[in-house]
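Visitor: input_5.txt is reproduced in full below (compact mmCIF, N, CA and C atoms).
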```
# COMPACT_ATOMS: atom_id res chain seq x y z
N MET O 1158 -40.37 4.84 -26.01
CA MET O 1158 -39.66 5.47 -24.90
C MET O 1158 -40.42 5.22 -23.59
N ILE O 1159 -39.71 5.03 -22.55
CA ILE O 1159 -40.31 4.73 -21.25
C ILE O 1159 -40.79 6.01 -20.58
N ASP O 1160 -42.02 5.99 -20.03
CA ASP O 1160 -42.56 7.18 -19.39
C ASP O 1160 -42.01 7.31 -17.97
N SER O 1161 -42.38 8.40 -17.29
CA SER O 1161 -41.82 8.65 -15.96
C SER O 1161 -42.24 7.59 -14.95
N ASP O 1162 -43.46 7.07 -15.06
CA ASP O 1162 -43.89 6.00 -14.16
C ASP O 1162 -43.06 4.73 -14.39
N GLY O 1163 -42.78 4.46 -15.65
CA GLY O 1163 -41.97 3.29 -15.99
C GLY O 1163 -40.56 3.43 -15.47
N LYS O 1164 -40.00 4.65 -15.58
CA LYS O 1164 -38.65 4.90 -15.05
C LYS O 1164 -38.62 4.70 -13.54
N LYS O 1165 -39.67 5.19 -12.89
CA LYS O 1165 -39.75 5.08 -11.44
C LYS O 1165 -39.86 3.61 -11.02
N GLN O 1166 -40.69 2.85 -11.72
CA GLN O 1166 -40.86 1.43 -11.41
C GLN O 1166 -39.55 0.66 -11.64
N LEU O 1167 -38.88 0.96 -12.75
CA LEU O 1167 -37.60 0.32 -13.03
C LEU O 1167 -36.59 0.65 -11.94
N GLY O 1168 -36.54 1.91 -11.54
CA GLY O 1168 -35.62 2.34 -10.49
C GLY O 1168 -35.87 1.63 -9.18
N GLU O 1169 -37.16 1.44 -8.85
CA GLU O 1169 -37.50 0.73 -7.62
C GLU O 1169 -37.05 -0.72 -7.68
N ARG O 1170 -37.18 -1.33 -8.85
CA ARG O 1170 -36.75 -2.73 -9.00
C ARG O 1170 -35.23 -2.84 -8.88
N VAL O 1171 -34.52 -1.90 -9.48
CA VAL O 1171 -33.06 -1.90 -9.39
C VAL O 1171 -32.64 -1.75 -7.93
N ARG O 1172 -33.22 -0.80 -7.24
CA ARG O 1172 -32.88 -0.57 -5.83
C ARG O 1172 -33.18 -1.82 -4.99
N LYS O 1173 -34.36 -2.41 -5.20
CA LYS O 1173 -34.75 -3.60 -4.45
C LYS O 1173 -33.76 -4.74 -4.67
N ALA O 1174 -33.38 -4.98 -5.92
CA ALA O 1174 -32.43 -6.05 -6.23
C ALA O 1174 -31.05 -5.75 -5.65
N ARG O 1175 -30.64 -4.48 -5.73
CA ARG O 1175 -29.32 -4.09 -5.19
C ARG O 1175 -29.28 -4.32 -3.69
N LEU O 1176 -30.34 -3.89 -2.99
CA LEU O 1176 -30.37 -4.03 -1.54
C LEU O 1176 -30.45 -5.50 -1.13
N ALA O 1177 -31.15 -6.32 -1.93
CA ALA O 1177 -31.24 -7.75 -1.64
C ALA O 1177 -29.86 -8.41 -1.69
N LEU O 1178 -28.98 -7.86 -2.51
CA LEU O 1178 -27.61 -8.37 -2.59
C LEU O 1178 -26.67 -7.67 -1.61
N ASP O 1179 -27.23 -6.74 -0.83
CA ASP O 1179 -26.45 -5.97 0.15
C ASP O 1179 -25.31 -5.21 -0.53
N LEU O 1180 -25.64 -4.60 -1.68
CA LEU O 1180 -24.65 -3.82 -2.42
C LEU O 1180 -24.90 -2.33 -2.21
N LYS O 1181 -23.84 -1.57 -2.16
CA LYS O 1181 -23.93 -0.11 -2.19
C LYS O 1181 -24.03 0.30 -3.65
N GLN O 1182 -24.49 1.51 -3.90
CA GLN O 1182 -24.59 1.99 -5.28
C GLN O 1182 -23.24 1.91 -5.98
N GLY O 1183 -22.18 2.23 -5.28
CA GLY O 1183 -20.84 2.18 -5.87
C GLY O 1183 -20.44 0.76 -6.26
N ASP O 1184 -20.86 -0.21 -5.44
CA ASP O 1184 -20.56 -1.62 -5.76
C ASP O 1184 -21.27 -2.04 -7.05
N LEU O 1185 -22.54 -1.66 -7.16
CA LEU O 1185 -23.30 -1.99 -8.36
C LEU O 1185 -22.71 -1.28 -9.57
N ALA O 1186 -22.31 -0.03 -9.38
CA ALA O 1186 -21.71 0.73 -10.47
C ALA O 1186 -20.47 0.02 -11.01
N GLU O 1187 -19.67 -0.52 -10.11
CA GLU O 1187 -18.48 -1.28 -10.53
C GLU O 1187 -18.85 -2.51 -11.33
N ARG O 1188 -19.86 -3.22 -10.86
CA ARG O 1188 -20.31 -4.44 -11.55
C ARG O 1188 -20.83 -4.14 -12.96
N VAL O 1189 -21.55 -3.02 -13.07
CA VAL O 1189 -22.18 -2.69 -14.35
C VAL O 1189 -21.21 -1.95 -15.27
N GLY O 1190 -20.24 -1.26 -14.67
CA GLY O 1190 -19.28 -0.49 -15.47
C GLY O 1190 -19.77 0.92 -15.76
N VAL O 1191 -20.48 1.50 -14.78
CA VAL O 1191 -20.97 2.88 -14.89
C VAL O 1191 -20.57 3.62 -13.62
N THR O 1192 -20.94 4.88 -13.53
CA THR O 1192 -20.65 5.65 -12.33
C THR O 1192 -21.75 5.46 -11.29
N GLN O 1193 -21.44 5.80 -10.06
CA GLN O 1193 -22.43 5.74 -8.99
C GLN O 1193 -23.57 6.69 -9.30
N GLY O 1194 -23.29 7.80 -9.97
CA GLY O 1194 -24.33 8.76 -10.34
C GLY O 1194 -25.36 8.16 -11.29
N VAL O 1195 -24.91 7.30 -12.20
CA VAL O 1195 -25.83 6.63 -13.12
C VAL O 1195 -26.77 5.73 -12.32
N ILE O 1196 -26.22 4.98 -11.37
CA ILE O 1196 -27.04 4.10 -10.53
C ILE O 1196 -28.07 4.93 -9.78
N SER O 1197 -27.64 6.03 -9.20
CA SER O 1197 -28.54 6.91 -8.46
C SER O 1197 -29.66 7.44 -9.36
N ASN O 1198 -29.29 7.88 -10.56
CA ASN O 1198 -30.29 8.42 -11.49
C ASN O 1198 -31.30 7.36 -11.91
N VAL O 1199 -30.85 6.14 -12.14
CA VAL O 1199 -31.77 5.06 -12.51
C VAL O 1199 -32.69 4.75 -11.33
N GLU O 1200 -32.12 4.60 -10.14
CA GLU O 1200 -32.92 4.26 -8.97
C GLU O 1200 -33.94 5.34 -8.63
N ASN O 1201 -33.62 6.59 -8.92
CA ASN O 1201 -34.54 7.70 -8.62
C ASN O 1201 -35.47 8.03 -9.77
N GLY O 1202 -35.43 7.24 -10.84
CA GLY O 1202 -36.33 7.45 -11.96
C GLY O 1202 -35.99 8.63 -12.84
N VAL O 1203 -34.78 9.16 -12.70
CA VAL O 1203 -34.33 10.29 -13.52
C VAL O 1203 -33.95 9.81 -14.92
N SER O 1204 -33.31 8.65 -14.97
CA SER O 1204 -32.92 8.07 -16.26
C SER O 1204 -33.26 6.59 -16.25
N THR O 1205 -33.07 5.96 -17.39
CA THR O 1205 -33.42 4.55 -17.53
C THR O 1205 -32.23 3.76 -18.04
N ILE O 1206 -32.43 2.49 -18.24
CA ILE O 1206 -31.37 1.61 -18.73
C ILE O 1206 -31.64 1.35 -20.20
N ALA O 1207 -30.62 1.53 -21.03
CA ALA O 1207 -30.77 1.24 -22.46
C ALA O 1207 -30.98 -0.27 -22.64
N VAL O 1208 -31.86 -0.63 -23.55
CA VAL O 1208 -32.18 -2.04 -23.77
C VAL O 1208 -30.94 -2.91 -24.00
N PRO O 1209 -29.97 -2.47 -24.82
CA PRO O 1209 -28.79 -3.32 -25.00
C PRO O 1209 -27.98 -3.54 -23.72
N ASP O 1210 -28.16 -2.67 -22.73
CA ASP O 1210 -27.42 -2.79 -21.46
C ASP O 1210 -28.14 -3.66 -20.43
N LEU O 1211 -29.40 -4.03 -20.68
CA LEU O 1211 -30.16 -4.79 -19.70
C LEU O 1211 -29.49 -6.10 -19.28
N PRO O 1212 -28.92 -6.88 -20.22
CA PRO O 1212 -28.28 -8.12 -19.77
C PRO O 1212 -27.15 -7.89 -18.76
N LYS O 1213 -26.41 -6.82 -18.94
CA LYS O 1213 -25.31 -6.50 -18.02
C LYS O 1213 -25.87 -6.17 -16.63
N TRP O 1214 -26.94 -5.39 -16.61
CA TRP O 1214 -27.58 -5.04 -15.34
C TRP O 1214 -28.18 -6.28 -14.69
N ALA O 1215 -28.83 -7.12 -15.49
CA ALA O 1215 -29.44 -8.34 -14.97
C ALA O 1215 -28.38 -9.23 -14.33
N GLN O 1216 -27.26 -9.38 -14.99
CA GLN O 1216 -26.18 -10.21 -14.44
C GLN O 1216 -25.63 -9.59 -13.15
N ALA O 1217 -25.43 -8.30 -13.16
CA ALA O 1217 -24.88 -7.62 -11.98
C ALA O 1217 -25.82 -7.73 -10.78
N LEU O 1218 -27.11 -7.73 -11.05
CA LEU O 1218 -28.10 -7.79 -9.97
C LEU O 1218 -28.62 -9.20 -9.72
N GLU O 1219 -28.06 -10.17 -10.48
CA GLU O 1219 -28.43 -11.58 -10.33
C GLU O 1219 -29.94 -11.77 -10.49
N GLN O 1220 -30.48 -11.17 -11.54
CA GLN O 1220 -31.91 -11.24 -11.84
C GLN O 1220 -32.11 -11.65 -13.29
N PRO O 1221 -33.24 -12.29 -13.61
CA PRO O 1221 -33.53 -12.58 -15.02
C PRO O 1221 -33.93 -11.30 -15.74
N LEU O 1222 -33.80 -11.29 -17.05
CA LEU O 1222 -34.17 -10.10 -17.82
C LEU O 1222 -35.61 -9.68 -17.58
N LEU O 1223 -36.51 -10.65 -17.46
CA LEU O 1223 -37.92 -10.31 -17.27
C LEU O 1223 -38.16 -9.50 -15.99
N TYR O 1224 -37.25 -9.57 -15.05
CA TYR O 1224 -37.38 -8.79 -13.81
C TYR O 1224 -37.51 -7.31 -14.13
N PHE O 1225 -36.85 -6.86 -15.20
CA PHE O 1225 -36.86 -5.44 -15.55
C PHE O 1225 -38.01 -5.08 -16.48
N ILE O 1226 -38.61 -6.06 -17.11
CA ILE O 1226 -39.59 -5.81 -18.15
C ILE O 1226 -41.03 -6.04 -17.70
N GLU O 1227 -41.25 -7.08 -16.94
CA GLU O 1227 -42.60 -7.49 -16.60
C GLU O 1227 -43.29 -6.48 -15.69
N ASP O 1228 -44.53 -6.15 -16.03
CA ASP O 1228 -45.33 -5.20 -15.25
C ASP O 1228 -46.22 -5.99 -14.30
N GLU O 1229 -45.87 -6.04 -13.04
CA GLU O 1229 -46.59 -6.84 -12.06
C GLU O 1229 -47.97 -6.27 -11.72
N SER O 1230 -48.26 -5.04 -12.14
CA SER O 1230 -49.57 -4.46 -11.85
C SER O 1230 -50.62 -4.94 -12.85
N VAL O 1231 -50.18 -5.58 -13.93
CA VAL O 1231 -51.10 -6.09 -14.95
C VAL O 1231 -51.61 -7.46 -14.55
N ASP O 1232 -52.86 -7.77 -14.91
CA ASP O 1232 -53.47 -9.06 -14.62
C ASP O 1232 -52.55 -10.20 -15.05
N VAL O 1233 -52.52 -11.25 -14.27
CA VAL O 1233 -51.60 -12.37 -14.51
C VAL O 1233 -51.82 -13.01 -15.87
N ARG O 1234 -53.06 -13.09 -16.34
CA ARG O 1234 -53.32 -13.68 -17.65
C ARG O 1234 -52.75 -12.80 -18.76
N GLU O 1235 -52.88 -11.49 -18.61
CA GLU O 1235 -52.31 -10.57 -19.60
C GLU O 1235 -50.79 -10.65 -19.60
N ARG O 1236 -50.20 -10.82 -18.43
CA ARG O 1236 -48.74 -10.96 -18.35
C ARG O 1236 -48.30 -12.24 -19.04
N ALA O 1237 -49.05 -13.32 -18.83
CA ALA O 1237 -48.72 -14.59 -19.48
C ALA O 1237 -48.80 -14.45 -21.00
N LEU O 1238 -49.85 -13.80 -21.48
CA LEU O 1238 -49.99 -13.59 -22.93
C LEU O 1238 -48.86 -12.73 -23.48
N ALA O 1239 -48.46 -11.73 -22.72
CA ALA O 1239 -47.37 -10.87 -23.15
C ALA O 1239 -46.07 -11.67 -23.28
N ILE O 1240 -45.85 -12.58 -22.36
CA ILE O 1240 -44.64 -13.42 -22.43
C ILE O 1240 -44.73 -14.36 -23.62
N LEU O 1241 -45.90 -14.97 -23.83
CA LEU O 1241 -46.08 -15.86 -24.97
C LEU O 1241 -45.86 -15.13 -26.29
N SER O 1242 -46.24 -13.87 -26.34
CA SER O 1242 -46.09 -13.11 -27.59
C SER O 1242 -44.62 -12.87 -27.95
N ARG O 1243 -43.72 -13.08 -27.01
CA ARG O 1243 -42.29 -12.89 -27.28
C ARG O 1243 -41.67 -14.09 -28.00
N PHE O 1244 -42.36 -15.22 -27.98
CA PHE O 1244 -41.82 -16.42 -28.63
C PHE O 1244 -42.01 -16.33 -30.14
N PRO O 1245 -41.02 -16.78 -30.90
CA PRO O 1245 -41.18 -16.86 -32.36
C PRO O 1245 -42.28 -17.88 -32.68
N PRO O 1246 -43.04 -17.65 -33.74
CA PRO O 1246 -44.14 -18.56 -34.08
C PRO O 1246 -43.73 -20.03 -34.17
N GLU O 1247 -42.53 -20.30 -34.67
CA GLU O 1247 -42.10 -21.69 -34.82
C GLU O 1247 -41.86 -22.39 -33.48
N GLN O 1248 -41.75 -21.62 -32.38
CA GLN O 1248 -41.53 -22.23 -31.07
C GLN O 1248 -42.82 -22.29 -30.24
N LEU O 1249 -43.87 -21.63 -30.69
CA LEU O 1249 -45.11 -21.59 -29.91
C LEU O 1249 -45.74 -22.97 -29.73
N GLU O 1250 -45.66 -23.82 -30.74
CA GLU O 1250 -46.25 -25.16 -30.62
C GLU O 1250 -45.57 -25.94 -29.48
N MET O 1251 -44.25 -25.83 -29.39
CA MET O 1251 -43.51 -26.51 -28.32
C MET O 1251 -43.94 -25.95 -26.96
N VAL O 1252 -44.05 -24.63 -26.86
CA VAL O 1252 -44.46 -24.01 -25.60
C VAL O 1252 -45.88 -24.45 -25.24
N LEU O 1253 -46.75 -24.49 -26.23
CA LEU O 1253 -48.12 -24.92 -26.00
C LEU O 1253 -48.16 -26.36 -25.46
N GLN O 1254 -47.37 -27.24 -26.03
CA GLN O 1254 -47.32 -28.63 -25.57
C GLN O 1254 -46.82 -28.71 -24.13
N MET O 1255 -45.83 -27.89 -23.80
CA MET O 1255 -45.31 -27.87 -22.42
C MET O 1255 -46.40 -27.40 -21.46
N LEU O 1256 -47.11 -26.35 -21.84
CA LEU O 1256 -48.18 -25.83 -20.98
C LEU O 1256 -49.31 -26.84 -20.80
N LYS O 1257 -49.64 -27.54 -21.89
CA LYS O 1257 -50.67 -28.58 -21.79
C LYS O 1257 -50.24 -29.66 -20.81
N GLY O 1258 -48.99 -30.07 -20.88
CA GLY O 1258 -48.47 -31.07 -19.96
C GLY O 1258 -48.53 -30.60 -18.52
N MET O 1259 -48.17 -29.35 -18.31
CA MET O 1259 -48.22 -28.79 -16.95
C MET O 1259 -49.65 -28.74 -16.45
N ALA O 1260 -50.59 -28.30 -17.30
CA ALA O 1260 -52.00 -28.21 -16.91
C ALA O 1260 -52.56 -29.59 -16.62
N SER O 1261 -52.16 -30.57 -17.40
CA SER O 1261 -52.61 -31.94 -17.19
C SER O 1261 -52.12 -32.44 -15.83
N GLY O 1262 -50.89 -32.12 -15.50
CA GLY O 1262 -50.34 -32.49 -14.20
C GLY O 1262 -51.08 -31.85 -13.06
N LEU O 1263 -51.51 -30.61 -13.24
CA LEU O 1263 -52.27 -29.92 -12.20
C LEU O 1263 -53.62 -30.58 -11.97
N LYS O 1264 -54.28 -30.98 -13.06
CA LYS O 1264 -55.57 -31.65 -12.93
C LYS O 1264 -55.41 -32.94 -12.15
N SER O 1265 -54.34 -33.69 -12.43
CA SER O 1265 -54.09 -34.94 -11.73
C SER O 1265 -53.88 -34.70 -10.23
N GLU O 1266 -53.15 -33.64 -9.89
CA GLU O 1266 -52.89 -33.32 -8.49
C GLU O 1266 -54.17 -32.91 -7.78
N ASN O 1267 -55.01 -32.12 -8.47
CA ASN O 1267 -56.25 -31.64 -7.86
C ASN O 1267 -57.25 -32.77 -7.66
N ASN O 1268 -57.19 -33.81 -8.48
CA ASN O 1268 -58.12 -34.93 -8.37
C ASN O 1268 -57.63 -35.97 -7.37
N ALA O 1269 -56.41 -35.86 -6.92
CA ALA O 1269 -55.84 -36.86 -6.00
C ALA O 1269 -56.32 -36.65 -4.59
```
Would you write the structure of this file as structure tokens?
Guide:
Amino acid sequence: MIDSDGKKQLGERVRKARLALDLKQGDLAERVGVTQGVISNVENGVSTIAVPDLPKWAQALEQPLLYFIEDESVDVRERALAILSRFPPEQLEMVLQMLKGMASGLKSENNA
């Protein structure tokens, strides 16, 4: 269950994304299929978004799912590890190869 700080952080992200799209709470409520009161409660940290509903909110706010999940206050390396932990083991080798390629490209750029 999400704690009150988590609810508050989620609410701030929802409000920030809504305002970036120049939407009123009622406009977002229409997009998501909820009442304006639900939007207000989420934005004020009173309530949260159910996990199965996150894709609908992400689409309505034109944001990726990670926008709602990622904790930006955590060290960037810990955030990267948290994202990697979401991959199924059978896909980690592919992700590792992609990262190695990216790192190799960075070394080439830095040496140029």
Visitor: Counting only C-alpha atoms, which residues in range 1170-1246 of chain O sit no more than 12 Å from range 1250-1258 of chain O? For each one, give the nearest pair of atoms and the distance in Å, sorted by chain then residue number, as a tab-separated table.
Guide:
```
residue	atom	partner	partner_atom	distance
O:Ala1237	CA	O:Leu1256	CA	11.4
O:Leu1238	CA	O:Leu1253	CA	11.9
O:Ile1240	CA	O:Val1252	CA	11.1
O:Leu1241	CA	O:Val1252	CA	8.3
O:Ser1242	CA	O:Val1252	CA	11.2
O:Arg1243	CA	O:Val1252	CA	11.5
O:Phe1244	CA	O:Val1252	CA	8.6
O:Pro1245	CA	O:Glu1250	CA	9.9
O:Pro1246	CA	O:Glu1250	CA	7.7
```
Visitor: Given the selection you just returned, output its residues as a file containing N, CA and C atoms, formatted as an mmCIF file, keeping the file's coordinate frame.
Guide:
```cif
data_model
loop_
_atom_site.group_PDB
_atom_site.id
_atom_site.type_symbol
_atom_site.label_atom_id
_atom_site.label_comp_id
_atom_site.auth_asym_id
_atom_site.auth_seq_id
_atom_site.Cartn_x
_atom_site.Cartn_y
_atom_site.Cartn_z
ATOM 1 N N ALA O 1237 -49.050 -13.320 -18.830
ATOM 2 C CA ALA O 1237 -48.720 -14.590 -19.480
ATOM 3 C C ALA O 1237 -48.800 -14.450 -21.000
ATOM 4 N N LEU O 1238 -49.850 -13.800 -21.480
ATOM 5 C CA LEU O 1238 -49.990 -13.590 -22.930
ATOM 6 C C LEU O 1238 -48.860 -12.730 -23.480
ATOM 7 N N ILE O 1240 -45.850 -12.580 -22.360
ATOM 8 C CA ILE O 1240 -44.640 -13.420 -22.430
ATOM 9 C C ILE O 1240 -44.730 -14.360 -23.620
ATOM 10 N N LEU O 1241 -45.900 -14.970 -23.830
ATOM 11 C CA LEU O 1241 -46.080 -15.860 -24.970
ATOM 12 C C LEU O 1241 -45.860 -15.130 -26.290
ATOM 13 N N SER O 1242 -46.240 -13.870 -26.340
ATOM 14 C CA SER O 1242 -46.090 -13.110 -27.590
ATOM 15 C C SER O 1242 -44.620 -12.870 -27.950
ATOM 16 N N ARG O 1243 -43.720 -13.080 -27.010
ATOM 17 C CA ARG O 1243 -42.290 -12.890 -27.280
ATOM 18 C C ARG O 1243 -41.670 -14.090 -28.000
ATOM 19 N N PHE O 1244 -42.360 -15.220 -27.980
ATOM 20 C CA PHE O 1244 -41.820 -16.420 -28.630
ATOM 21 C C PHE O 1244 -42.010 -16.330 -30.140
ATOM 22 N N PRO O 1245 -41.020 -16.780 -30.900
ATOM 23 C CA PRO O 1245 -41.180 -16.860 -32.360
ATOM 24 C C PRO O 1245 -42.280 -17.880 -32.680
ATOM 25 N N PRO O 1246 -43.040 -17.650 -33.740
ATOM 26 C CA PRO O 1246 -44.140 -18.560 -34.080
ATOM 27 C C PRO O 1246 -43.730 -20.030 -34.170
#
```
Visitor: Please, what distance in Å, to one decimal, runs between CA of Gly1190 in chain O and CA of Ala1207 in chain O?
Guide: 13.6 Å
Visitor: Quick one: distance from CA of Asp1232 in chain O to CA of Pro1212 in chain O in Å, one decimal?
Guide: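 Going from CA of Asp1232 in chain O over to CA of Pro1212 in chain O, I get 25.7 Å.
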Visitor: Which neighbours of Gly1194 in chain O fall inside 8 Å, counting only N, CA and C atoms, when residues of the same chain fewer than 4 positions from it are skipped, and could you give them as number ranges by chain?
Guide: O: 1182-1183, 1186, 1198-1200
Visitor: Those selected residues, please, written with N, CA and C atoms and delivered as a JSON list (two decimals), keeping the file's coordinate frame.
Guide:
```
[["chain", "number", "residue", "atom", "x", "y", "z"],
["O", 1182, "GLN", "N", -24.49, 1.51, -3.90],
["O", 1182, "GLN", "CA", -24.59, 1.99, -5.28],
["O", 1182, "GLN", "C", -23.24, 1.91, -5.98],
["O", 1183, "GLY", "N", -22.18, 2.23, -5.28],
["O", 1183, "GLY", "CA", -20.84, 2.18, -5.87],
["O", 1183, "GLY", "C", -20.44, 0.76, -6.26],
["O", 1186, "ALA", "N", -22.31, -0.03, -9.38],
["O", 1186, "ALA", "CA", -21.71, 0.73, -10.47],
["O", 1186, "ALA", "C", -20.47, 0.02, -11.01],
["O", 1198, "ASN", "N", -29.29, 7.88, -10.56],
["O", 1198, "ASN", "CA", -30.29, 8.42, -11.49],
["O", 1198, "ASN", "C", -31.30, 7.36, -11.91],
["O", 1199, "VAL", "N", -30.85, 6.14, -12.14],
["O", 1199, "VAL", "CA", -31.77, 5.06, -12.51],
["O", 1199, "VAL", "C", -32.69, 4.75, -11.33],
["O", 1200, "GLU", "N", -32.12, 4.60, -10.14],
["O", 1200, "GLU", "CA", -32.92, 4.26, -8.97],
["O", 1200, "GLU", "C", -33.94, 5.34, -8.63]]
```
Visitor: For Ala1215 in chain O, which of O:Lys1164, O:Arg1188, O:Arg1234, O:Lys1181 is the closest residue, counting only C-alpha atoms?
Guide: O:Arg1188
Visitor: Mind checking DSSP for chain O and telling me the helix (DSSP H, G or I) residues as a ChimeraX atom specification?
Guide: /O:1161-1177,1182-1189,1193-1200,1208-1217,1223-1226,1233-1241,1246-1268
